[in-house]
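> Structure file query_37.tsv (TSV, C-alpha atoms) right here:
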chain	number	residue	atom	x	y	z
A	1	MET	CA	0.00	0.00	0.00
A	2	ALA	CA	1.42	3.36	-1.05
A	3	PHE	CA	0.60	6.57	0.81
A	4	THR	CA	-1.25	9.32	-0.99
A	5	ASN	CA	0.22	12.82	-0.72
A	6	GLU	CA	-2.73	13.64	1.56
A	7	GLN	CA	-1.87	10.73	3.86
A	8	LEU	CA	1.80	11.73	3.87
A	9	GLU	CA	0.70	15.16	5.07
A	10	ARG	CA	-1.88	13.89	7.58
A	11	TYR	CA	0.59	11.48	9.18
A	12	SER	CA	3.75	13.53	8.56
A	13	ARG	CA	4.45	14.12	12.27
A	14	HIS	CA	4.31	10.36	12.82
A	15	ILE	CA	6.33	9.38	9.77
A	16	ILE	CA	9.08	11.85	10.68
A	17	LEU	CA	9.56	9.99	13.98
A	18	LYS	CA	12.31	7.40	13.78
A	19	GLU	CA	10.28	4.99	15.92
A	20	VAL	CA	7.23	5.23	13.64
A	21	GLY	CA	8.28	6.00	10.08
A	22	ALA	CA	6.36	4.74	7.07
A	23	LYS	CA	6.50	1.18	8.40
A	24	GLY	CA	4.93	2.10	11.74
A	25	GLN	CA	2.26	4.22	10.11
A	26	LYS	CA	1.35	1.34	7.80
A	27	LYS	CA	1.11	-0.93	10.84
A	28	LEU	CA	-1.30	1.56	12.43
A	29	LEU	CA	-3.41	1.75	9.26
A	30	ASN	CA	-3.57	-2.05	9.11
A	31	SER	CA	-4.37	-2.48	12.81
A	32	SER	CA	-7.61	-2.83	14.73
A	33	VAL	CA	-8.42	-1.71	18.27
A	34	LEU	CA	-11.60	-2.33	20.25
A	35	ILE	CA	-12.63	0.25	22.83
A	36	ILE	CA	-15.12	-0.99	25.41
A	37	GLY	CA	-16.98	1.99	26.83
A	38	ALA	CA	-17.49	5.31	25.02
A	39	GLY	CA	-17.18	7.31	28.24
A	40	GLY	CA	-14.52	9.27	30.10
A	41	LEU	CA	-11.67	6.92	29.16
A	42	GLY	CA	-12.97	5.69	25.81
A	43	ALA	CA	-13.60	9.19	24.45
A	44	PRO	CA	-10.00	10.45	24.34
A	45	ALA	CA	-8.66	6.99	23.49
A	46	ALA	CA	-11.01	6.74	20.50
A	47	MET	CA	-10.21	10.25	19.30
A	48	TYR	CA	-6.42	9.83	19.47
A	49	LEU	CA	-6.51	6.39	17.85
A	50	ALA	CA	-8.74	7.68	15.05
A	51	ALA	CA	-6.44	10.65	14.54
A	52	ALA	CA	-3.44	8.31	14.54
A	53	GLY	CA	-4.93	6.36	11.66
A	54	VAL	CA	-5.69	3.07	13.38
A	55	GLY	CA	-7.44	1.46	10.42
A	56	THR	CA	-10.31	-0.24	12.23
A	57	ILE	CA	-11.74	0.90	15.55
A	58	GLY	CA	-14.52	-0.96	17.33
A	59	ILE	CA	-16.53	0.85	19.98
A	60	ALA	CA	-18.93	-0.87	22.39
A	61	ASP	CA	-21.44	0.87	24.66
A	62	ALA	CA	-25.15	0.39	25.28
A	63	ASP	CA	-25.92	3.87	26.58
A	64	GLU	CA	-27.13	7.15	25.17
A	65	VAL	CA	-25.38	10.47	25.66
A	66	ASP	CA	-26.57	12.11	28.88
A	67	LEU	CA	-26.03	15.71	29.97
A	68	SER	CA	-23.95	14.55	32.96
A	69	ASN	CA	-21.52	12.83	30.55
A	70	LEU	CA	-20.40	15.98	28.80
A	71	GLN	CA	-18.19	17.28	31.63
A	72	ARG	CA	-15.59	14.64	30.63
A	73	GLN	CA	-16.68	12.55	27.63
A	74	VAL	CA	-15.20	14.87	25.03
A	75	ILE	CA	-16.12	12.75	22.00
A	76	HIS	CA	-19.79	13.74	22.50
A	77	THR	CA	-21.24	17.24	22.22
A	78	THR	CA	-24.39	18.96	23.48
A	79	ALA	CA	-25.97	18.34	20.07
A	80	ASP	CA	-25.53	14.57	20.67
A	81	LEU	CA	-27.74	14.41	23.79
A	82	GLY	CA	-30.01	11.36	23.64
A	83	LYS	CA	-28.04	9.82	20.76
A	84	ALA	CA	-26.50	6.35	21.12
A	85	LYS	CA	-22.96	6.89	22.43
A	86	VAL	CA	-21.51	4.54	19.84
A	87	LYS	CA	-23.17	6.54	17.03
A	88	SER	CA	-21.97	9.86	18.43
A	89	ALA	CA	-18.45	8.43	18.92
A	90	LYS	CA	-18.40	7.05	15.37
A	91	GLU	CA	-19.42	10.41	13.90
A	92	THR	CA	-16.65	12.22	15.78
A	93	MET	CA	-13.99	9.65	14.82
A	94	GLN	CA	-14.95	9.77	11.14
A	95	ALA	CA	-15.03	13.57	11.20
A	96	ILE	CA	-11.47	13.51	12.58
A	97	ASN	CA	-10.20	10.95	10.09
A	98	PRO	CA	-12.15	9.45	7.17
A	99	ASP	CA	-9.39	6.80	6.75
A	100	VAL	CA	-10.76	4.98	9.80
A	101	LYS	CA	-13.40	2.25	9.62
A	102	VAL	CA	-15.54	2.27	12.78
A	103	ASN	CA	-17.54	-0.75	13.95
A	104	THR	CA	-20.20	-0.02	16.57
A	105	TYR	CA	-21.58	-2.44	19.17
A	106	ARG	CA	-24.56	-0.89	20.90
A	107	LYS	CA	-24.69	-3.37	23.77
A	108	PHE	CA	-23.36	-4.10	27.22
A	109	ILE	CA	-20.64	-6.70	27.00
A	110	THR	CA	-21.52	-9.98	28.69
A	111	SER	CA	-20.06	-13.45	29.01
A	112	GLU	CA	-22.32	-14.37	26.07
A	113	ASN	CA	-21.08	-11.79	23.54
A	114	ILE	CA	-17.58	-10.69	24.53
A	115	MET	CA	-15.61	-13.49	22.82
A	116	ASP	CA	-17.31	-12.80	19.49
A	117	ILE	CA	-16.67	-9.07	19.79
A	118	ILE	CA	-12.98	-9.17	20.75
A	119	ARG	CA	-12.05	-11.91	18.27
A	120	ASP	CA	-11.20	-9.66	15.32
A	121	TYR	CA	-9.18	-7.04	17.19
A	122	ASP	CA	-5.42	-6.71	17.76
A	123	PHE	CA	-5.70	-4.76	21.02
A	124	ILE	CA	-8.51	-4.03	23.48
A	125	ILE	CA	-9.00	-0.93	25.63
A	126	ASP	CA	-11.00	-1.29	28.82
A	127	GLY	CA	-12.77	2.03	29.23
A	128	THR	CA	-15.51	0.68	31.50
A	129	ASP	CA	-16.58	2.04	34.86
A	130	ASN	CA	-17.44	-1.06	36.87
A	131	PHE	CA	-15.75	-4.11	38.33
A	132	PRO	CA	-17.92	-6.83	36.73
A	133	ALA	CA	-16.99	-5.50	33.27
A	134	LYS	CA	-13.30	-5.15	34.19
A	135	PHE	CA	-13.03	-8.76	35.37
A	136	LEU	CA	-15.03	-9.97	32.37
A	137	ILE	CA	-12.72	-8.13	29.93
A	138	ASN	CA	-9.64	-9.46	31.72
A	139	ASP	CA	-10.80	-13.05	31.74
A	140	ALA	CA	-11.95	-12.93	28.12
A	141	CYS	CA	-8.67	-11.36	26.95
A	142	VAL	CA	-6.63	-13.96	28.87
A	143	MET	CA	-8.70	-16.79	27.37
A	144	ALA	CA	-8.57	-15.34	23.84
A	145	GLN	CA	-4.87	-14.39	24.21
A	146	LYS	CA	-5.55	-10.73	23.45
A	147	PRO	CA	-3.49	-7.83	24.80
A	148	PHE	CA	-5.47	-5.14	26.57
A	149	SER	CA	-5.13	-1.94	28.55
A	150	HIS	CA	-6.87	-1.80	31.91
A	151	ALA	CA	-7.67	1.57	33.44
A	152	GLY	CA	-9.82	3.05	36.17
A	153	ILE	CA	-10.53	6.60	37.28
A	154	ILE	CA	-12.25	8.08	40.33
A	155	ARG	CA	-12.22	11.53	41.96
A	156	PHE	CA	-8.68	12.90	41.35
A	157	LYS	CA	-7.04	9.52	40.85
A	158	GLY	CA	-6.41	7.22	37.95
A	159	GLN	CA	-4.52	4.01	37.23
A	160	LEU	CA	-3.65	1.80	34.30
A	161	MET	CA	-1.73	-1.35	33.39
A	162	THR	CA	-1.27	-3.37	30.23
A	163	TYR	CA	-1.73	-7.10	29.81
A	164	VAL	CA	0.15	-8.89	27.05
A	165	PRO	CA	-0.34	-12.68	26.81
A	166	GLY	CA	2.70	-14.49	28.15
A	167	GLU	CA	4.28	-11.31	29.55
A	168	GLY	CA	3.57	-10.36	33.13
A	169	PRO	CA	0.44	-10.38	35.23
A	170	CYS	CA	-3.21	-10.05	34.28
A	171	TYR	CA	-5.70	-7.85	36.15
A	172	ARG	CA	-6.78	-10.84	38.22
A	173	CYS	CA	-3.19	-11.59	39.31
A	174	VAL	CA	-3.30	-8.17	40.97
A	175	PHE	CA	-6.96	-7.89	42.02
A	176	LYS	CA	-8.19	-11.39	42.72
A	177	ASP	CA	-11.96	-10.80	42.82
A	178	PRO	CA	-14.33	-7.88	42.41
A	179	PRO	CA	-14.88	-6.01	45.68
A	180	PRO	CA	-18.23	-6.56	47.44
A	181	LYS	CA	-21.09	-4.58	45.92
A	182	ASP	CA	-21.06	-0.97	47.14
A	183	ALA	CA	-17.71	-1.41	48.92
A	184	VAL	CA	-16.13	0.89	46.36
A	185	PRO	CA	-18.07	3.88	45.03
A	186	THR	CA	-18.32	4.39	41.28
A	187	CYS	CA	-17.55	7.72	39.67
A	188	LYS	CA	-21.30	8.34	39.54
A	189	GLN	CA	-21.43	8.25	43.33
A	190	ALA	CA	-17.94	9.63	44.05
A	191	GLY	CA	-17.37	12.06	41.20
A	192	VAL	CA	-14.40	12.33	38.89
A	193	ILE	CA	-12.47	15.32	37.61
A	194	GLY	CA	-13.13	15.62	33.88
A	195	ALA	CA	-9.54	15.85	32.69
A	196	MET	CA	-8.70	12.58	34.48
A	197	GLY	CA	-10.33	10.66	31.62
A	198	GLY	CA	-8.21	12.71	29.23
A	199	VAL	CA	-4.97	11.85	31.04
A	200	ILE	CA	-5.58	8.15	31.59
A	201	GLY	CA	-7.54	7.48	28.37
A	202	SER	CA	-4.76	9.14	26.36
A	203	LEU	CA	-2.20	6.93	28.11
A	204	GLN	CA	-4.29	3.91	27.09
A	205	ALA	CA	-4.21	5.13	23.47
A	206	MET	CA	-0.42	5.52	23.83
A	207	GLU	CA	-0.08	1.91	25.01
A	208	ALA	CA	-2.17	0.71	22.04
A	209	VAL	CA	-0.03	2.69	19.58
A	210	LYS	CA	3.23	1.41	21.12
A	211	TYR	CA	1.96	-2.16	21.03
A	212	ILE	CA	0.99	-1.81	17.35
A	213	ILE	CA	4.25	-0.21	16.20
A	214	GLY	CA	6.27	-2.51	18.49
A	215	LYS	CA	8.36	0.23	20.12
A	216	GLY	CA	9.14	1.14	23.71
A	217	ASP	CA	8.20	-0.50	26.99
A	218	LEU	CA	4.58	-1.26	27.80
A	219	LEU	CA	3.03	-1.20	31.27
A	220	THR	CA	3.27	-4.97	31.52
A	221	GLY	CA	4.06	-6.00	35.07
A	222	ARG	CA	3.66	-2.41	36.17
A	223	LEU	CA	0.69	-0.44	37.45
A	224	LEU	CA	0.88	3.30	36.78
A	225	THR	CA	-1.03	5.45	39.25
A	226	TYR	CA	-1.74	9.15	38.96
A	227	ASP	CA	-2.84	11.44	41.75
A	228	ALA	CA	-3.84	14.81	40.31
A	229	LEU	CA	-4.05	16.62	43.65
A	230	THR	CA	-0.47	15.82	44.64
A	231	MET	CA	0.51	15.74	40.96
A	232	THR	CA	2.31	12.44	41.37
A	233	PHE	CA	2.79	9.57	38.97
A	234	ARG	CA	3.99	6.28	40.45
A	235	THR	CA	4.74	2.94	38.86
A	236	ILE	CA	4.35	-0.13	41.02
A	237	LYS	CA	6.04	-3.33	39.90
A	238	LEU	CA	3.66	-6.27	39.88
A	239	PRO	CA	4.69	-9.89	39.49
A	240	LYS	CA	2.69	-12.50	37.65
A	241	ASN	CA	0.79	-14.75	40.10
A	242	HIS	CA	1.43	-18.36	39.15
A	243	ASP	CA	-1.62	-19.30	41.26
A	244	CYS	CA	-3.84	-16.81	39.39
A	245	PRO	CA	-7.23	-18.47	38.85
A	246	VAL	CA	-7.37	-17.37	35.20
A	247	CYS	CA	-3.82	-16.96	33.82
A	248	GLY	CA	-1.87	-19.08	36.36
A	249	ASP	CA	-0.32	-22.49	35.91
A	250	HIS	CA	-3.50	-24.32	36.92
A	251	PRO	CA	-6.47	-22.08	36.06
A	252	THR	CA	-9.67	-22.71	37.98
A	253	ILE	CA	-11.70	-20.14	36.04
A	254	THR	CA	-12.26	-21.72	32.66
A	255	LYS	CA	-15.52	-20.04	31.68
A	256	LEU	CA	-16.54	-16.41	31.79
A	257	ILE	CA	-18.42	-15.01	34.78
A	258	ASP	CA	-21.06	-12.27	34.83
A	259	TYR	CA	-20.63	-10.77	38.26
A	260	GLU	CA	-23.64	-9.02	39.71
A	261	GLN	CA	-23.56	-5.27	39.59
A	262	ALA	CA	-24.88	-2.86	42.21
A	263	GLU	CA	-28.30	-1.59	41.11
A	264	CYS	CA	-27.41	2.10	41.32
A	265	ASP	CA	-24.47	1.60	38.94
A	266	MET	CA	-26.59	0.41	36.07
A	267	HIS	CA	-27.13	2.64	33.05
A	268	MET	CA	-24.15	4.90	33.58
B	1	MET	CA	23.86	11.20	-12.49
B	2	ALA	CA	25.16	8.59	-14.85
B	3	ASP	CA	27.85	7.82	-12.28
B	4	TYR	CA	25.36	5.98	-10.12
B	5	LYS	CA	22.89	3.15	-10.61
B	6	ILE	CA	19.62	4.69	-9.49
B	7	ASP	CA	17.32	2.16	-7.83
B	8	ASP	CA	14.34	4.46	-7.36
B	9	THR	CA	13.31	8.03	-8.06
B	10	VAL	CA	10.94	10.26	-6.11
B	11	ASP	CA	9.60	13.65	-7.10
B	12	ILE	CA	8.91	15.96	-4.16
B	13	THR	CA	8.27	19.09	-6.20
B	14	ASP	CA	4.50	18.60	-5.78
B	15	VAL	CA	4.50	18.93	-1.98
B	16	VAL	CA	5.64	21.45	0.64
B	17	CYS	CA	7.51	21.20	3.94
B	18	PRO	CA	7.37	18.99	5.95
B	19	VAL	CA	5.84	16.56	3.43
B	20	THR	CA	8.87	17.07	1.16
B	21	PHE	CA	11.12	15.30	3.65
B	22	VAL	CA	8.39	12.82	4.61
B	23	LYS	CA	7.94	11.74	0.99
B	24	ALA	CA	11.70	11.29	0.54
B	25	LYS	CA	11.93	9.41	3.85
B	26	VAL	CA	9.10	7.05	2.85
B	27	ALA	CA	10.85	6.33	-0.47
B	28	LEU	CA	14.12	5.59	1.38
B	29	GLU	CA	12.33	3.22	3.79
B	30	GLU	CA	11.24	1.15	0.80
B	31	LEU	CA	14.84	0.58	-0.29
B	32	ASP	CA	17.42	-1.93	0.94
B	33	ASP	CA	20.71	-0.97	2.56
B	34	GLY	CA	23.11	0.45	-0.03
B	35	GLN	CA	20.48	1.13	-2.69
B	36	ILE	CA	20.38	4.55	-4.32
B	37	LEU	CA	17.52	7.03	-4.47
B	38	ALA	CA	17.25	10.09	-6.71
B	39	VAL	CA	15.11	12.88	-5.23
B	40	ARG	CA	13.90	15.71	-7.45
B	41	MET	CA	13.16	18.84	-5.43
B	42	ASN	CA	12.46	22.53	-5.86
B	43	ASN	CA	15.05	25.22	-5.39
B	44	GLY	CA	14.83	27.29	-2.21
B	45	GLU	CA	13.56	25.84	1.08
B	46	PRO	CA	13.53	22.16	-0.02
B	47	VAL	CA	17.09	22.18	-1.32
B	48	GLN	CA	18.24	23.87	1.88
B	49	ASN	CA	16.50	21.53	4.30
B	50	VAL	CA	15.76	18.14	2.74
B	51	PRO	CA	19.38	17.05	2.12
B	52	ARG	CA	20.27	18.04	5.71
B	53	SER	CA	17.32	16.11	7.18
B	54	ILE	CA	18.18	13.03	5.12
B	55	LYS	CA	21.78	13.25	6.31
B	56	GLU	CA	20.60	13.51	9.93
B	57	GLU	CA	18.74	10.22	9.42
B	58	GLY	CA	22.11	8.62	8.73
B	59	HIS	CA	21.91	8.26	4.96
B	60	GLN	CA	24.79	9.17	2.68
B	61	ILE	CA	24.44	12.13	0.31
B	62	LEU	CA	26.32	11.34	-2.91
B	63	LYS	CA	25.55	14.26	-5.16
B	64	LEU	CA	23.33	17.31	-5.66
B	65	THR	CA	22.77	18.38	-9.27
B	66	ASP	CA	21.22	21.64	-10.50
B	67	ASN	CA	18.81	20.65	-13.26
B	68	GLY	CA	18.74	24.22	-14.59
B	69	ASP	CA	14.93	24.46	-14.34
B	70	ASP	CA	14.78	25.68	-10.74
B	71	THR	CA	14.84	22.07	-9.52
B	72	PHE	CA	17.65	19.97	-8.12
B	73	THR	CA	18.26	16.24	-8.03
B	74	LEU	CA	19.74	14.73	-4.90
B	75	ILE	CA	21.41	11.33	-5.07
B	76	VAL	CA	21.25	9.46	-1.74
B	77	LYS	CA	22.61	6.10	-0.67
B	78	LYS	CA	20.46	4.35	1.87
B	79	VAL	CA	22.20	3.48	5.13
B	80	GLU	CA	20.21	1.03	7.25
B	81	ASP	CA	20.37	1.88	10.94
B	82	GLU	CA	21.45	-0.66	13.58
What would you get if you wrote out this structure as structure tokens?

Amino acid sequence: MAFTNEQLERYSRHIILKEVGAKGQKKLLNSSVLIIGAGGLGAPAAMYLAAAGVGTIGIADADEVDLSNLQRQVIHTTADLGKAKVKSAKETMQAINPDVKVNTYRKFITSENIMDIIRDYDFIIDGTDNFPAKFLINDACVMAQKPFSHAGIIRFKGQLMTYVPGEGPCYRCVFKDPPPKDAVPTCKQAGVIGAMGGVIGSLQAMEAVKYIIGKGDLLTGRLLTYDALTMTFRTIKLPKNHDCPVCGDHPTITKLIDYEQAECDMHM
Amino acid sequence: MADYKIDDTVDITDVVCPVTFVKAKVALEELDDGQILAVRMNNGEPVQNVPRSIKEEGHQILKLTDNGDDTFTLIVKKVEDE
């Protein structure tokens, strides 16, 4: 595939980079990334990946755009209120970059549908806001041998780590089970500073890009935490747990689990 | 130009900075180590900057020829890094 002059101009700042070049940009154009959740994390991730020329982007979310979303979910605008989030997200991505093919999944991911959805993608971004979904994405990606970026944000804090099959721990090595219902507040109950999604979601996009072009060190075996109030980034080294129930030597979780979700967290 | 066996030619007179260098860089990436690229560029800004940028990437500049029509042809030998 040869670049058009327009593509050379669009991606010139990438191609100039030694680590990207024409080869890296072609890898991006031939790659596919699935973003689960078109919210605070998914919005910036989707926009940067579309702008970067990731050839195929999948976006999954069952919800419609709500007024309370717009303080942080920058892919949606006031004019999108009431629209399916996946539709609004698709329109923004294609407005940014018509090179990108966007697949929309207007549904909550469950143990029934997740394997079919992730199958065709090179990298998965967890932009969800609840523990049942995070454990489901982890387990499905481990079982399907798919790399993914985990992230979570609340109040003025955020965290992320990257799972690559065969390299380092999975989310369940670190957090064994979901916390009891209502033990941890969601961002609906606790609040979240809008730019936090921008910081952490952009870092997730960065991990996806680095994975695709095959350059640099990923957050495998490391959890990055960010505290905006103290303005501190920390990386915590995390070993793989050989007794992990899903990715360990003798897995005991061999089928996907739909954990129950607290009632007030539904329909975020 | 006859002194060298040209493996590929790229014309960057139809684009402006920074796409001039980008187009030349893309053409160089397609070549193997030691192969030779001829780059036709406009006088002025391109001829001042593109050869320097290509040199900074580690490639070897062999020759710059004035074509007499306000364009220049740069002969570059690809040097594979690492």
> Please identify every residue of chain A that has at least one atom no more than 10 Å from any atom of chain B, counting all atoms listed in the file, and report them as a PDB file with C-alpha atoms, keeping the file's coordinate frame.

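Writing the result to selection-v8.pdb gives the following:
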ATOM      1  CA  ALA A   2       1.420   3.360  -1.050  1.00  0.00           C
ATOM      2  CA  PHE A   3       0.600   6.570   0.810  1.00  0.00           C
ATOM      3  CA  THR A   4      -1.250   9.320  -0.990  1.00  0.00           C
ATOM      4  CA  ASN A   5       0.220  12.820  -0.720  1.00  0.00           C
ATOM      5  CA  GLU A   6      -2.730  13.640   1.560  1.00  0.00           C
ATOM      6  CA  GLN A   7      -1.870  10.730   3.860  1.00  0.00           C
ATOM      7  CA  LEU A   8       1.800  11.730   3.870  1.00  0.00           C
ATOM      8  CA  GLU A   9       0.700  15.160   5.070  1.00  0.00           C
ATOM      9  CA  ARG A  10      -1.880  13.890   7.580  1.00  0.00           C
ATOM     10  CA  TYR A  11       0.590  11.480   9.180  1.00  0.00           C
ATOM     11  CA  SER A  12       3.750  13.530   8.560  1.00  0.00           C
ATOM     12  CA  ARG A  13       4.450  14.120  12.270  1.00  0.00           C
ATOM     13  CA  HIS A  14       4.310  10.360  12.820  1.00  0.00           C
ATOM     14  CA  ILE A  15       6.330   9.380   9.770  1.00  0.00           C
ATOM     15  CA  ILE A  16       9.080  11.850  10.680  1.00  0.00           C
ATOM     16  CA  LEU A  17       9.560   9.990  13.980  1.00  0.00           C
ATOM     17  CA  LYS A  18      12.310   7.400  13.780  1.00  0.00           C
ATOM     18  CA  GLY A  21       8.280   6.000  10.080  1.00  0.00           C
ATOM     19  CA  ALA A  22       6.360   4.740   7.070  1.00  0.00           C
ATOM     20  CA  LYS A  23       6.500   1.180   8.400  1.00  0.00           C
TER      21      LYS A  23
END
> Could you tell me how far CA of Gly221 (chain A) lies from CA of Gly168 (chain A), in Å and to one decimal?
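Calculated distance between CA of Gly221 (chain A) and CA of Gly168 (chain A) is 4.8 Å.
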> Any idea what the distance is between CA of Asp129 (chain A) and CA of Gln159 (chain A)?
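Computing the Euclidean distance for CA of Asp129 (chain A) and CA of Gln159 (chain A) yields 12.4 Å.
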> Mind checking which residues fall within 12 Å of region 36-40 of chain B, counting all atoms listed in the file, ignoring those fewer than 3 positions away in the same chain, and posting them as a PyMOL selection string?
chain B and resi 1-15+20-33+43+46-47+50-51+54+59-67+69-79
> What does the structure give for the distance between CA of Gly214 (chain A) and CA of Ser31 (chain A), in Å to one decimal?
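Rounded to one decimal, the two atoms are 12.1 Å apart.
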> If the box runs along x, y and z of the file and leaves 5 Å on each side of region 15-32 of chain B, what are its centre and edge lengths in Å, one decimal, as lines of an AutoDock Vina configuration file?

center_x = 11.0
center_y = 9.8
center_z = 2.0
size_x = 22.9
size_y = 33.4
size_z = 17.9
> For region 223-226 of chain A, list every protein, DNA or RNA residue within 8 Å, evaluated using only C-alpha atoms, and leave out those in the same chain fewer than 3 positions away; present the list as a list in words.
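In the requested form, the answer reads Lys157, Gly158, Gln159, Leu160, Met161, Leu219, Thr220, Met231, Thr232, Phe233, Arg234, Thr235, Ile236, Lys237 and Leu238 of chain A.
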> Using only C-alpha atoms, find the one residue out of A:Pro178, A:Lys188, A:Val100, A:Gly166 that sits nearest to Asn69 (chain A).
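The shortest atom-to-atom distance to Asn69 (chain A) comes from A:Lys188.
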> Using all atoms listed in the file, determine which residues lie at most 9 Å from Gly127 (chain A), disregarding the query and same-chain residues fewer than 4 positions distant; provide the list as a JSON list (two decimals) with C-alpha atoms, in the frame of the given file.

[["chain", "number", "residue", "atom", "x", "y", "z"],
["A", 35, "ILE", "CA", -12.63, 0.25, 22.83],
["A", 36, "ILE", "CA", -15.12, -0.99, 25.41],
["A", 37, "GLY", "CA", -16.98, 1.99, 26.83],
["A", 38, "ALA", "CA", -17.49, 5.31, 25.02],
["A", 39, "GLY", "CA", -17.18, 7.31, 28.24],
["A", 40, "GLY", "CA", -14.52, 9.27, 30.10],
["A", 41, "LEU", "CA", -11.67, 6.92, 29.16],
["A", 42, "GLY", "CA", -12.97, 5.69, 25.81],
["A", 43, "ALA", "CA", -13.60, 9.19, 24.45],
["A", 45, "ALA", "CA", -8.66, 6.99, 23.49],
["A", 134, "LYS", "CA", -13.30, -5.15, 34.19],
["A", 149, "SER", "CA", -5.13, -1.94, 28.55],
["A", 150, "HIS", "CA", -6.87, -1.80, 31.91],
["A", 151, "ALA", "CA", -7.67, 1.57, 33.44],
["A", 152, "GLY", "CA", -9.82, 3.05, 36.17],
["A", 201, "GLY", "CA", -7.54, 7.48, 28.37],
["A", 204, "GLN", "CA", -4.29, 3.91, 27.09]]
> Give as a list in words each residue that has an atom at most 9 Å from (-15.0, -12.8, 33.4) in the file, counting only C-alpha atoms.
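Neighbouring residues, ordered by chain and number, come to Thr110, Ser111, Pro132, Ala133, Lys134, Phe135, Leu136, Ile137, Asn138, Asp139, Ala140, Ile253, Lys255, Leu256, Ile257, Asp258 and Tyr259 of chain A.
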> How would the residues just chosen look if you wrote them out with C-alpha atoms as a short mmCIF file (atom, residue, chain, number, x, y, z; two decimals), keeping the file's coordinate frame?

data_model
loop_
_atom_site.label_atom_id
_atom_site.label_comp_id
_atom_site.auth_asym_id
_atom_site.auth_seq_id
_atom_site.Cartn_x
_atom_site.Cartn_y
_atom_site.Cartn_z
CA THR A 110 -21.52 -9.98 28.69
CA SER A 111 -20.06 -13.45 29.01
CA PRO A 132 -17.92 -6.83 36.73
CA ALA A 133 -16.99 -5.50 33.27
CA LYS A 134 -13.30 -5.15 34.19
CA PHE A 135 -13.03 -8.76 35.37
CA LEU A 136 -15.03 -9.97 32.37
CA ILE A 137 -12.72 -8.13 29.93
CA ASN A 138 -9.64 -9.46 31.72
CA ASP A 139 -10.80 -13.05 31.74
CA ALA A 140 -11.95 -12.93 28.12
CA ILE A 253 -11.70 -20.14 36.04
CA LYS A 255 -15.52 -20.04 31.68
CA LEU A 256 -16.54 -16.41 31.79
CA ILE A 257 -18.42 -15.01 34.78
CA ASP A 258 -21.06 -12.27 34.83
CA TYR A 259 -20.63 -10.77 38.26
#
> Which of these residues is nearest to Ser68 (chain A), using all atoms listed in the file: A:Ile114, A:Leu81, A:Ser32, A:Val209?
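Among the listed residues, the smallest separation from Ser68 (chain A) belongs to A:Leu81.
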